[in-house]
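The file data_2.cif comes next; it holds mmCIF, C-alpha atoms.
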```
data_input
#
loop_
_atom_site.label_atom_id
_atom_site.label_comp_id
_atom_site.auth_asym_id
_atom_site.auth_seq_id
_atom_site.Cartn_x
_atom_site.Cartn_y
_atom_site.Cartn_z
CA MET A 1 325.13 236.93 138.02
CA THR A 2 326.83 238.92 140.79
CA THR A 3 323.87 238.34 143.08
CA GLU A 4 324.61 234.60 143.09
CA LEU A 5 328.21 234.97 144.26
CA LYS A 6 328.50 234.72 148.00
CA ILE A 7 331.88 236.16 148.92
CA PRO A 8 332.69 235.58 152.57
CA GLU A 9 334.14 238.53 154.43
CA PHE A 10 336.11 238.53 157.65
CA SER A 11 334.19 239.74 160.67
CA ALA A 12 334.31 239.23 164.44
CA ASN A 13 331.36 236.85 164.47
CA PHE A 14 332.19 235.13 161.22
CA ALA A 15 331.74 231.64 162.65
CA GLU A 16 328.01 232.29 162.96
CA SER A 17 327.63 233.38 159.36
CA GLY A 18 329.24 230.25 157.94
CA GLN A 19 327.32 227.53 156.20
CA GLN A 20 326.75 224.22 157.92
CA GLY A 21 328.13 221.32 155.93
CA LYS A 22 326.09 218.82 153.96
CA TRP A 23 328.72 216.09 153.70
CA GLY A 24 330.87 215.19 156.66
CA MET A 25 333.52 212.85 157.85
CA ALA A 26 334.43 211.34 161.21
CA ILE A 27 337.96 210.06 161.75
CA ASP A 28 338.61 207.86 164.77
CA MET A 29 342.20 208.48 165.88
CA ASP A 30 341.91 205.61 168.33
CA ILE A 31 341.43 203.08 165.52
CA CYS A 32 343.79 204.61 162.95
CA THR A 33 346.98 202.58 162.67
CA GLY A 34 348.75 205.00 160.35
CA CYS A 35 348.97 202.44 157.56
CA GLN A 36 348.71 205.08 154.78
CA ALA A 37 346.15 203.07 152.79
CA CYS A 38 343.98 206.18 152.63
CA VAL A 39 346.87 208.20 151.22
CA ALA A 40 347.48 205.65 148.46
CA ALA A 41 343.78 205.21 147.68
CA CYS A 42 343.28 208.97 147.47
CA ALA A 43 346.20 209.39 145.08
CA MET A 44 344.82 206.65 142.83
CA GLU A 45 341.23 207.92 142.89
CA ASN A 46 342.06 211.56 142.30
CA ASN A 47 344.99 211.39 139.85
CA VAL A 48 347.35 212.96 142.38
CA PRO A 49 350.81 213.08 140.79
CA PHE A 50 353.97 211.52 142.16
CA VAL A 51 356.30 214.37 142.97
CA GLY A 52 359.55 212.50 143.46
CA GLU A 53 362.38 212.86 145.89
CA ALA A 54 363.97 216.07 144.63
CA ASP A 55 360.82 218.20 144.66
CA SER A 56 359.63 216.67 147.91
CA GLY A 57 362.85 217.97 149.40
CA TYR A 58 361.66 221.46 148.54
CA GLY A 59 358.40 220.80 150.37
CA ARG A 60 356.46 220.41 147.15
CA SER A 61 355.06 216.97 147.86
CA MET A 62 351.46 216.54 146.82
CA HIS A 63 348.88 214.74 148.91
CA TRP A 64 345.20 215.36 149.35
CA ILE A 65 345.33 213.40 152.58
CA ARG A 66 348.34 212.80 154.82
CA THR A 67 348.89 210.97 158.08
CA GLU A 68 350.26 213.31 160.70
CA ARG A 69 352.24 212.12 163.67
CA PHE A 70 353.86 214.06 166.44
CA TRP A 71 356.25 213.25 169.25
CA GLU A 72 355.86 214.35 172.84
CA GLY A 73 358.73 214.61 175.35
CA GLU A 74 362.52 214.50 175.04
CA PHE A 75 364.52 211.54 173.67
CA PRO A 76 364.66 208.77 174.87
CA GLU A 77 361.46 209.40 176.84
CA ILE A 78 359.39 210.04 173.74
CA LYS A 79 355.76 209.21 173.33
CA MET A 80 354.03 209.33 170.01
CA THR A 81 350.65 210.98 169.65
CA PRO A 82 347.93 209.05 167.82
CA TYR A 83 348.05 209.11 164.04
CA GLN A 84 345.91 211.83 162.56
CA PRO A 85 344.88 211.67 158.91
CA MET A 86 344.73 215.29 157.76
CA LEU A 87 342.71 216.31 154.72
CA CYS A 88 340.74 219.32 153.60
CA GLN A 89 338.26 220.02 156.38
CA GLN A 90 335.69 221.40 153.90
CA CYS A 91 335.16 224.37 156.19
CA GLY A 92 331.76 225.98 156.41
CA HIS A 93 333.61 229.26 156.68
CA ALA A 94 336.81 228.59 154.80
CA PRO A 95 339.84 230.89 155.13
CA CYS A 96 340.96 229.89 151.62
CA GLU A 97 337.88 231.27 149.90
CA PRO A 98 337.98 235.05 150.49
CA VAL A 99 341.65 235.35 149.50
CA CYS A 100 341.38 233.93 145.97
CA PRO A 101 341.60 236.80 143.47
CA ALA A 102 340.27 234.63 140.62
CA PHE A 103 337.28 233.04 142.44
CA ALA A 104 338.84 229.66 141.70
CA THR A 105 338.30 228.65 145.32
CA VAL A 106 334.59 229.02 145.80
CA HIS A 107 331.99 227.58 148.11
CA SER A 108 329.56 225.21 146.50
CA GLN A 109 326.12 226.34 147.61
CA SER A 110 324.46 223.11 146.55
CA GLU A 111 326.95 220.60 147.97
CA ALA A 112 328.33 222.82 150.78
CA LEU A 113 331.89 221.95 149.84
CA ASN A 114 334.96 224.08 149.16
CA LEU A 115 335.56 223.81 145.46
CA GLN A 116 338.77 224.25 143.54
CA VAL A 117 337.98 225.22 139.97
CA TYR A 118 341.13 224.24 138.09
CA ASN A 119 340.35 226.12 134.90
CA ARG A 120 339.93 229.35 136.84
CA CYS A 121 343.01 228.95 139.04
CA VAL A 122 345.88 231.25 138.10
CA GLY A 123 348.27 229.87 140.70
CA THR A 124 348.68 232.74 143.16
CA ARG A 125 348.84 230.16 146.02
CA TYR A 126 347.10 232.63 148.38
CA CYS A 127 344.62 229.92 149.40
CA ALA A 128 347.34 227.47 150.45
CA ASN A 129 349.07 230.17 152.46
CA ASN A 130 345.83 231.03 154.23
CA CYS A 131 344.81 227.46 154.97
CA PRO A 132 345.36 226.71 158.69
CA TYR A 133 345.36 222.96 157.97
CA GLN A 134 348.04 223.11 155.24
CA VAL A 135 346.13 220.66 153.09
CA ARG A 136 346.36 222.36 149.72
CA SER A 137 349.03 221.32 147.29
CA PHE A 138 350.31 223.17 144.28
CA ASN A 139 351.32 221.69 140.93
CA TRP A 140 354.84 223.07 140.65
CA ARG A 141 355.46 221.09 137.49
CA ASP A 142 353.75 218.79 135.05
CA PHE A 143 354.98 215.83 137.02
CA GLU A 144 356.10 212.88 134.98
CA ARG A 145 353.89 209.80 134.84
CA PRO A 146 355.88 207.10 133.06
CA GLU A 147 354.03 204.34 131.20
CA PRO A 148 351.95 202.44 132.19
CA LEU A 149 350.87 204.81 134.99
CA PRO A 150 348.58 206.91 132.74
CA ASN A 151 346.47 203.78 132.27
CA GLN A 152 345.21 204.04 135.83
CA PHE A 153 343.94 207.62 135.53
CA ASN A 154 340.46 208.10 136.88
CA PRO A 155 338.48 209.49 133.93
CA ASP A 156 336.00 211.15 136.30
CA VAL A 157 338.67 213.47 137.70
CA THR A 158 340.56 216.21 135.90
CA VAL A 159 344.27 215.61 135.38
CA ARG A 160 345.61 218.89 136.69
CA ARG A 161 348.28 220.74 134.82
CA ARG A 162 351.19 222.80 136.04
CA GLY A 163 350.43 225.98 137.96
CA VAL A 164 347.12 225.13 139.58
CA MET A 165 346.23 224.49 143.20
CA GLU A 166 344.43 221.33 144.21
CA LYS A 167 343.02 219.74 147.32
CA CYS A 168 340.65 217.11 148.66
CA THR A 169 337.18 217.36 147.12
CA PHE A 170 335.46 214.80 149.40
CA CYS A 171 335.49 212.68 146.20
CA ILE A 172 332.91 214.95 144.58
CA GLN A 173 332.92 212.69 141.52
CA ARG A 174 331.55 209.89 143.69
CA ILE A 175 329.01 212.26 145.25
CA HIS A 176 327.80 213.25 141.79
CA ARG A 177 327.69 209.67 140.60
CA ALA A 178 325.68 208.54 143.63
CA GLU A 179 323.34 211.54 143.36
CA ASP A 180 322.83 210.87 139.68
CA GLN A 181 322.13 207.20 140.32
CA ALA A 182 319.69 208.00 143.13
CA LYS A 183 317.94 210.62 141.04
CA SER A 184 317.55 208.26 138.09
CA GLU A 185 315.86 205.81 140.44
CA GLY A 186 313.74 208.57 142.00
CA ARG A 187 314.99 208.24 145.57
CA GLU A 188 317.27 209.89 148.12
CA ILE A 189 320.84 208.69 148.67
CA ALA A 190 320.90 206.11 151.45
CA ASP A 191 323.47 206.49 154.23
CA GLY A 192 326.57 204.42 153.45
CA GLU A 193 325.52 203.87 149.83
CA PHE A 194 328.82 205.29 148.68
CA THR A 195 331.89 206.59 150.42
CA THR A 196 335.11 208.42 149.67
CA ALA A 197 338.22 206.62 148.45
CA CYS A 198 340.02 207.08 151.78
CA ALA A 199 337.11 205.73 153.81
CA GLN A 200 336.69 202.83 151.39
CA ALA A 201 340.36 201.90 151.65
CA CYS A 202 340.66 202.19 155.43
CA PRO A 203 341.15 198.61 156.66
CA ALA A 204 340.22 199.57 160.23
CA ASP A 205 337.15 201.62 159.24
CA ALA A 206 338.57 204.59 161.08
CA ILE A 207 337.14 206.97 158.48
CA VAL A 208 333.37 207.29 158.17
CA PHE A 209 331.78 209.47 155.50
CA GLY A 210 328.20 210.55 155.02
CA ARG A 211 325.56 213.23 155.39
CA ILE A 212 326.40 215.43 158.37
CA ASP A 213 323.06 217.26 158.07
CA ASP A 214 321.16 214.02 158.62
CA PRO A 215 321.07 213.37 162.40
CA GLU A 216 320.47 209.66 161.83
CA SER A 217 323.53 209.01 159.65
CA ALA A 218 326.49 207.05 161.01
CA VAL A 219 328.84 210.00 160.69
CA SER A 220 326.47 212.34 162.56
CA LYS A 221 326.14 209.89 165.44
CA LEU A 222 329.93 209.56 165.70
CA ALA A 223 330.47 213.31 165.44
CA ARG A 224 327.94 214.00 168.21
CA GLY A 225 329.72 211.65 170.64
CA SER A 226 331.78 212.88 173.57
CA ARG A 227 335.09 212.06 171.87
CA GLY A 228 334.49 214.29 168.88
CA PHE A 229 336.44 217.50 168.34
CA HIS A 230 337.27 219.71 165.41
CA MET A 231 340.75 220.69 164.36
CA LEU A 232 341.61 224.31 165.25
CA GLU A 233 338.01 224.86 166.28
CA GLU A 234 338.93 228.19 167.85
CA LEU A 235 339.50 229.69 164.39
CA GLY A 236 335.80 229.41 163.66
CA THR A 237 336.26 227.70 160.32
CA LEU A 238 333.36 225.25 160.91
CA PRO A 239 335.15 222.12 159.65
CA SER A 240 333.07 219.26 158.26
CA VAL A 241 335.60 216.71 159.50
CA THR A 242 335.25 215.55 163.11
CA TYR A 243 338.15 213.81 164.83
CA LEU A 244 337.48 211.33 167.60
CA LYS A 245 339.97 211.51 170.44
CA ALA A 246 341.95 208.46 171.40
CA GLY A 247 341.15 206.71 174.66
CA MET B 248 364.06 252.33 120.45
CA VAL B 249 360.70 253.83 119.44
CA LYS B 250 362.49 256.26 117.14
CA ARG B 251 364.31 253.45 115.40
CA PHE B 252 361.07 251.55 114.97
CA MET B 253 359.39 254.66 113.49
CA SER B 254 362.20 255.27 111.02
CA TRP B 255 362.04 251.60 110.08
CA LEU B 256 358.30 252.01 109.50
CA SER B 257 358.82 254.92 107.09
CA ASP B 258 360.83 252.54 104.92
CA PRO B 259 358.48 250.74 102.44
CA LEU B 260 360.28 247.45 103.05
CA GLY B 261 359.65 247.81 106.78
CA ARG B 262 355.95 248.35 106.14
CA ILE B 263 355.77 245.30 103.92
CA GLY B 264 357.60 243.31 106.60
CA LEU B 265 355.12 244.51 109.23
CA LEU B 266 352.21 243.62 106.94
CA ILE B 267 353.63 240.13 106.38
CA ALA B 268 354.16 239.63 110.11
CA PHE B 269 350.60 240.79 110.83
CA LEU B 270 349.18 238.53 108.13
CA ALA B 271 351.15 235.57 109.43
CA VAL B 272 349.87 236.02 112.99
CA PHE B 273 346.31 236.74 111.83
CA SER B 274 346.10 233.77 109.47
CA GLY B 275 347.64 231.51 112.10
CA ALA B 276 344.99 232.57 114.60
CA ALA B 277 342.25 232.23 112.00
CA PHE B 278 343.44 228.74 111.08
CA GLY B 279 343.59 227.76 114.75
CA LEU B 280 340.02 228.97 115.22
CA TYR B 281 338.94 227.20 112.04
CA THR B 282 340.34 223.85 113.19
CA THR B 283 338.33 224.09 116.42
CA GLN B 284 335.13 224.60 114.43
CA THR B 285 335.48 221.97 111.71
CA ALA B 286 334.54 218.35 112.02
CA PRO B 287 337.55 216.05 112.44
CA PRO B 288 338.27 213.42 109.77
CA GLN B 289 336.51 210.13 110.51
CA PRO B 290 337.71 206.61 109.62
CA ILE B 291 334.38 205.98 107.83
CA GLN B 292 332.37 208.73 106.12
CA PHE B 293 329.25 207.83 108.06
CA PRO B 294 326.06 209.33 106.57
CA HIS B 295 323.90 210.42 109.52
CA ASN B 296 321.21 211.78 107.20
CA LEU B 297 320.65 208.38 105.59
CA HIS B 298 320.35 206.52 108.90
CA VAL B 299 318.13 209.14 110.56
CA GLY B 300 316.07 209.23 107.36
CA LEU B 301 315.45 205.48 107.70
CA GLY B 302 313.90 206.23 111.09
CA ILE B 303 316.63 204.75 113.28
CA GLN B 304 316.54 206.28 116.76
CA CYS B 305 319.65 208.12 118.02
CA LEU B 306 319.59 205.96 121.14
CA TYR B 307 319.89 202.77 119.08
CA CYS B 308 323.53 203.56 118.24
CA HIS B 309 324.23 205.95 121.15
CA PRO B 310 322.41 204.15 123.99
CA GLY B 311 324.61 205.60 126.76
CA ALA B 312 322.87 208.95 126.52
CA TYR B 313 319.83 207.44 128.20
CA ARG B 314 321.53 206.05 131.29
CA GLN B 315 325.08 207.32 131.75
CA ALA B 316 327.50 210.18 131.24
CA SER B 317 328.81 209.20 127.83
CA ALA B 318 326.48 208.60 124.90
CA GLY B 319 328.95 206.18 123.37
CA LEU B 320 329.95 205.50 119.79
CA PRO B 321 328.83 202.27 118.08
CA THR B 322 331.21 199.35 117.73
CA GLU B 323 331.91 197.66 114.40
CA THR B 324 329.77 194.67 115.44
CA LYS B 325 326.81 196.92 116.10
CA CYS B 326 327.06 198.42 112.60
CA TRP B 327 327.60 195.03 111.01
CA GLY B 328 324.67 193.53 112.90
CA CYS B 329 322.33 195.50 110.65
CA HIS B 330 324.46 195.79 107.56
CA GLN B 331 325.11 192.08 107.10
CA GLN B 332 321.34 191.58 106.86
CA LEU B 333 320.97 193.87 103.85
CA SER B 334 319.98 191.27 101.25
CA LYS B 335 320.94 193.32 98.19
CA TYR B 336 324.58 193.18 99.33
CA ALA B 337 324.36 189.66 100.77
CA ASP B 338 323.17 187.96 97.57
CA GLY B 339 325.65 189.89 95.47
CA THR B 340 323.16 191.78 93.29
CA VAL B 341 324.74 195.09 94.35
CA ALA B 342 328.45 195.47 95.01
CA LEU B 343 329.40 196.59 98.52
CA PRO B 344 330.03 200.37 98.49
CA ALA B 345 333.49 201.65 99.43
CA GLU B 346 332.49 202.87 102.90
CA LEU B 347 330.85 199.55 103.76
CA GLN B 348 333.92 197.70 102.54
CA LYS B 349 335.87 199.67 105.15
CA LEU B 350 333.37 198.52 107.75
CA LYS B 351 333.67 194.90 106.57
CA ALA B 352 337.45 195.17 106.83
CA TYR B 353 337.10 196.27 110.47
CA VAL B 354 334.73 193.37 111.18
CA ASP B 355 336.95 190.81 109.43
CA ALA B 356 340.03 192.05 111.26
CA ASN B 357 338.04 192.19 114.53
CA LYS B 358 339.38 195.71 115.12
CA PRO B 359 337.44 198.57 116.70
CA ILE B 360 336.51 201.55 114.54
CA GLN B 361 338.46 204.53 115.86
CA TRP B 362 335.63 207.06 115.67
CA VAL B 363 336.72 210.60 116.46
CA PRO B 364 334.40 212.29 118.99
CA VAL B 365 332.98 215.51 117.56
CA ALA B 366 330.99 217.10 120.38
CA GLN B 367 333.70 217.35 122.98
CA VAL B 368 334.31 219.22 126.22
CA PRO B 369 337.72 219.83 127.83
CA ASP B 370 339.16 217.51 130.46
CA PHE B 371 338.13 219.81 133.32
CA VAL B 372 334.45 219.66 132.33
CA HIS B 373 332.40 216.65 133.33
CA PHE B 374 329.31 216.40 131.18
CA ASN B 375 326.64 213.84 131.88
CA HIS B 376 324.08 212.96 129.21
CA ARG B 377 321.61 211.22 131.51
CA PRO B 378 320.16 214.20 133.42
CA HIS B 379 319.83 216.14 130.18
CA ILE B 380 317.76 213.41 128.56
CA ALA B 381 315.83 212.96 131.82
CA ALA B 382 315.06 216.70 131.80
CA GLY B 383 313.21 216.17 128.54
CA LEU B 384 315.83 217.51 126.15
CA ASN B 385 316.08 215.91 122.76
CA CYS B 386 319.36 215.09 121.03
CA GLU B 387 318.78 217.73 118.35
CA ASN B 388 318.52 220.52 120.96
CA CYS B 389 322.30 220.41 121.29
CA HIS B 390 323.56 218.33 118.38
CA GLY B 391 321.42 219.87 115.67
CA ASP B 392 319.25 218.15 113.11
CA MET B 393 321.29 215.09 112.16
CA SER B 394 318.96 214.28 109.25
CA LYS B 395 320.65 217.13 107.39
CA VAL B 396 324.33 216.27 107.98
CA THR B 397 326.41 213.39 106.72
CA VAL B 398 329.62 213.14 108.76
CA ALA B 399 328.92 214.46 112.28
CA GLU B 400 329.69 218.13 112.91
CA ASN B 401 328.88 220.60 115.63
CA PRO B 402 325.97 222.94 114.96
CA GLN B 403 327.34 225.47 117.45
CA VAL B 404 330.34 226.27 119.63
CA ILE B 405 330.11 224.22 122.80
CA ASN B 406 331.27 226.53 125.57
CA MET B 407 330.33 227.42 129.13
CA GLY B 408 328.28 230.47 128.17
CA TRP B 409 326.11 228.30 125.97
CA CYS B 410 325.64 225.72 128.74
CA LEU B 411 324.76 228.37 131.33
CA GLU B 412 322.38 230.17 129.00
CA CYS B 413 320.16 227.10 128.99
CA HIS B 414 320.71 226.32 132.69
CA ARG B 415 319.62 229.86 133.59
CA ALA B 416 316.64 229.96 131.29
CA ARG B 417 315.26 226.64 132.52
CA THR B 418 315.61 227.33 136.26
CA VAL B 419 314.09 230.79 136.56
CA ASP B 420 311.28 229.57 138.82
CA ASN B 421 313.26 226.97 140.79
CA PRO B 422 315.91 228.53 143.09
CA GLU B 423 317.13 225.19 144.45
CA LYS B 424 317.68 223.76 141.00
CA ARG B 425 319.21 227.04 139.89
CA THR B 426 321.80 226.85 142.68
CA LYS B 427 322.66 223.34 141.65
CA LEU B 428 322.86 224.05 137.93
CA LEU B 429 324.91 227.23 138.30
CA ASP B 430 327.31 225.71 140.84
CA CYS B 431 330.93 225.43 139.63
CA GLY B 432 331.24 222.01 141.25
CA THR B 433 328.43 220.56 139.17
CA CYS B 434 330.69 220.36 136.10
CA HIS B 435 334.21 221.28 137.22
CA TYR B 436 336.01 218.84 139.50
#
```

Entire entry expressed as structure tokens:
Amino acid sequence: MTTELKIPEFSANFAESGQQGKWGMAIDMDICTGCQACVAACAMENNVPFVGEADSGYGRSMHWIRTERFWEGEFPEIKMTPYQPMLCQQCGHAPCEPVCPAFATVHSQSEALNLQVYNRCVGTRYCANNCPYQVRSFNWRDFERPEPLPNQFNPDVTVRRRGVMEKCTFCIQRIHRAEDQAKSEGREIADGEFTTACAQACPADAIVFGRIDDPESAVSKLARGSRGFHMLEELGTLPSVTYLKAG
Amino acid sequence: MVKRFMSWLSDPLGRIGLLIAFLAVFSGAAFGLYTTQTAPPQPIQFPHNLHVGLGIQCLYCHPGAYRQASAGLPTETKCWGCHQQLSKYADGTVALPAELQKLKAYVDANKPIQWVPVAQVPDFVHFNHRPHIAAGLNCENCHGDMSKVTVAENPQVINMGWCLECHRARTVDNPEKRTKLLDCGTCHY
């Protein structure tokens, strides 16, 4: 069994040893209006709890995707930077993975995603502290879901309990469903056949999801364009999410 | 502290107390384990052996196994669809047995039968029947020979080791499939 575990180790040329992604996303910051539809859709799809005001004040708010905004300049001469939806970048060489003592944060060899295995997680929070994108959120409590909110749980996604880390999965339940459907019909998944909850909800179609290893897919074409860049590319994390610069 | 405990142990009453405490913990654990391994009580004592013996296919009542994640449990209308046609009950020559009267009560009240799922996995495991059937597995490979049981029960403990045992054995000569079937993300998300 040990031969199948691929534990990444830090080295000077670690960017070269990372795995290229299978699924990818392109986010056009020029189109994004910061409407937060993706944030709401993600929370609904993935059973993300509502933390509430008090715990949010402690910085314990839970989102798998958030819309970042920054200001440039001094008041009153301020200029806002474009909205930037920030989610797990599904790094090909993820900083979260080597620090987990319980192997709860592992790299999926078949889907090329960063997995969070809830039943293995012991809640050390090392992964969140080592994530340069700050996209992991920790279940500090069993957050209350008053009736009738439990009725809208997504049965395809685990309802996490207190003390485990969680993060964006690229809607792996949708990936599995589409793969299963395609396999039952004896074909490959077509580009755009399914998409993540955030991309589906985006009214401006600023988020595009698909196969990054297929050069003909919509997301690959966008990512190859001159506007594309990766967040914190200099860290060599090989993100699967490509941002498209404004203007 | 240790000394006090030792002197307390030399007292016969202390030993009896320790024995009782041990027995309480042990029997509690044993009972807990027992409840995980016994079939839950069902609203109707459904005889699987009788139905399988009549040659009814598993997929007739559990059709989901063929095409989706959940195999599904039959509704009261599905049961009644066959049972209302049994002429010996319909013409009144034989009185309706107690279990079928329960079924008729559900049908008359138009209420769903609250079957209790027996072969279960925890919330953090996502099992899909379809690929298992597509891979050529038969129902009895996991659920046992249902022609020998009445009310459904598990023939073995359903745990990850048992799943992986089969996934490993069946993918020895296919590395790509092996990667997929041993990947955490295939079941846990």

| task | Grab the atom CA of A:Gln173 to atom CA of A:Tyr133 distance for me, in Å with one decimal place. | result |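 Pair atom CA of A:Gln173 / atom CA of A:Tyr133 returns 23.0 Å.
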
| query | Looking at all atoms listed in the file, which of A:Ala199, A:Ser220, A:Ser184, A:Met231 is the one that sits closest to chain B? | reply | A:Ser184

| field | Best match for closeness to chain B among A:Gly123, A:Gly210, A:Gly163, A:Gly186, counting only C-alpha atoms | value | A:Gly186

| message | One number please: atom CA of B:His435 to atom CA of A:Val122, in Å, one decimal. | response |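 That distance, rounded to one decimal, is 15.4 Å.
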
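Once the PyMOL selection byres ((chain A and resi 110) around 8) is applied to this file, the selection holds Ser108, Gln109, Glu111 and Ala112 of chain A; Glu423, Thr426, Lys427 and Asp430 of chain B.
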
| said: Tell me as a ChimeraX atom specification which residues belonging to chain A come within 12 Å of chain B, counting all atoms listed in the file. | reply: /A:1,3-6,46-47,103-121,154-161,166-186

Taking the file as shown, find all residues satisfying the PyMOL selection byres ((chain A and resi 99) around 10) and write them as a PDB file with C-alpha atoms, keeping the file's coordinate frame.
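Contents of selection-v5.pdb, as written:
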```pdb
ATOM      1  CA  ILE A   7     331.880 236.160 148.920  1.00  0.00           C
ATOM      2  CA  PRO A   8     332.690 235.580 152.570  1.00  0.00           C
ATOM      3  CA  GLU A   9     334.140 238.530 154.430  1.00  0.00           C
ATOM      4  CA  ALA A  94     336.810 228.590 154.800  1.00  0.00           C
ATOM      5  CA  PRO A  95     339.840 230.890 155.130  1.00  0.00           C
ATOM      6  CA  CYS A  96     340.960 229.890 151.620  1.00  0.00           C
ATOM      7  CA  GLU A  97     337.880 231.270 149.900  1.00  0.00           C
ATOM      8  CA  PRO A  98     337.980 235.050 150.490  1.00  0.00           C
ATOM      9  CA  CYS A 100     341.380 233.930 145.970  1.00  0.00           C
ATOM     10  CA  PRO A 101     341.600 236.800 143.470  1.00  0.00           C
ATOM     11  CA  ALA A 102     340.270 234.630 140.620  1.00  0.00           C
ATOM     12  CA  PHE A 103     337.280 233.040 142.440  1.00  0.00           C
ATOM     13  CA  THR A 105     338.300 228.650 145.320  1.00  0.00           C
ATOM     14  CA  THR A 124     348.680 232.740 143.160  1.00  0.00           C
ATOM     15  CA  ARG A 125     348.840 230.160 146.020  1.00  0.00           C
ATOM     16  CA  TYR A 126     347.100 232.630 148.380  1.00  0.00           C
ATOM     17  CA  CYS A 127     344.620 229.920 149.400  1.00  0.00           C
ATOM     18  CA  ALA A 128     347.340 227.470 150.450  1.00  0.00           C
ATOM     19  CA  ASN A 129     349.070 230.170 152.460  1.00  0.00           C
ATOM     20  CA  ASN A 130     345.830 231.030 154.230  1.00  0.00           C
TER      21      ASN A 130
END
```

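Here atom CA of B:Lys358 stands at a distance of 12.3 Å from atom CA of B:Pro290.
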
| Selection result of the PyMOL selection byres ((chain A and resi 222-226) around 10) on this file, as a ChimeraX atom specification | /A:24-28,208,212,215,217-221,227-230,240-245

| query | Taking into account only C-alpha atoms, which residue in the set B:Gly408, B:Gly261, B:Gly302, B:Pro310 is nearest to B:Thr322? | reply |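 Smallest distance to B:Thr322 is found for B:Pro310.
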
| query | Which is closest to B:Phe293 among B:Met407, B:Cys326, B:Ala312, B:Leu384, if we use only C-alpha atoms? | reply |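 For B:Phe293, the nearest of the given residues is B:Cys326.
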
Show me the residues close to (332.7, 194.9, 110.3) - anything with an atom within 12 Å, counting all atoms listed in the file - and format the list as a compact mmCIF listing (two decimals) with C-alpha atoms, in the frame of the given file.
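Final output, point_28.txt:
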```txt
# COMPACT_ATOMS: atom_id res chain seq x y z
CA ILE B 291 334.38 205.98 107.83
CA PRO B 321 328.83 202.27 118.08
CA THR B 322 331.21 199.35 117.73
CA GLU B 323 331.91 197.66 114.40
CA THR B 324 329.77 194.67 115.44
CA LYS B 325 326.81 196.92 116.10
CA CYS B 326 327.06 198.42 112.60
CA TRP B 327 327.60 195.03 111.01
CA GLY B 328 324.67 193.53 112.90
CA CYS B 329 322.33 195.50 110.65
CA HIS B 330 324.46 195.79 107.56
CA GLN B 331 325.11 192.08 107.10
CA GLU B 346 332.49 202.87 102.90
CA LEU B 347 330.85 199.55 103.76
CA GLN B 348 333.92 197.70 102.54
CA LYS B 349 335.87 199.67 105.15
CA LEU B 350 333.37 198.52 107.75
CA LYS B 351 333.67 194.90 106.57
CA ALA B 352 337.45 195.17 106.83
CA TYR B 353 337.10 196.27 110.47
CA VAL B 354 334.73 193.37 111.18
CA ASP B 355 336.95 190.81 109.43
CA ALA B 356 340.03 192.05 111.26
CA ASN B 357 338.04 192.19 114.53
CA LYS B 358 339.38 195.71 115.12
CA PRO B 359 337.44 198.57 116.70
CA ILE B 360 336.51 201.55 114.54
```

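Neighbourhood of point (318.9, 225.1, 125.3): residues with an atom at most 8 Å away, counting all atoms listed in the file, are Asn388, Cys389, Trp409, Cys410, Glu412, Cys413 and His414 of chain B.
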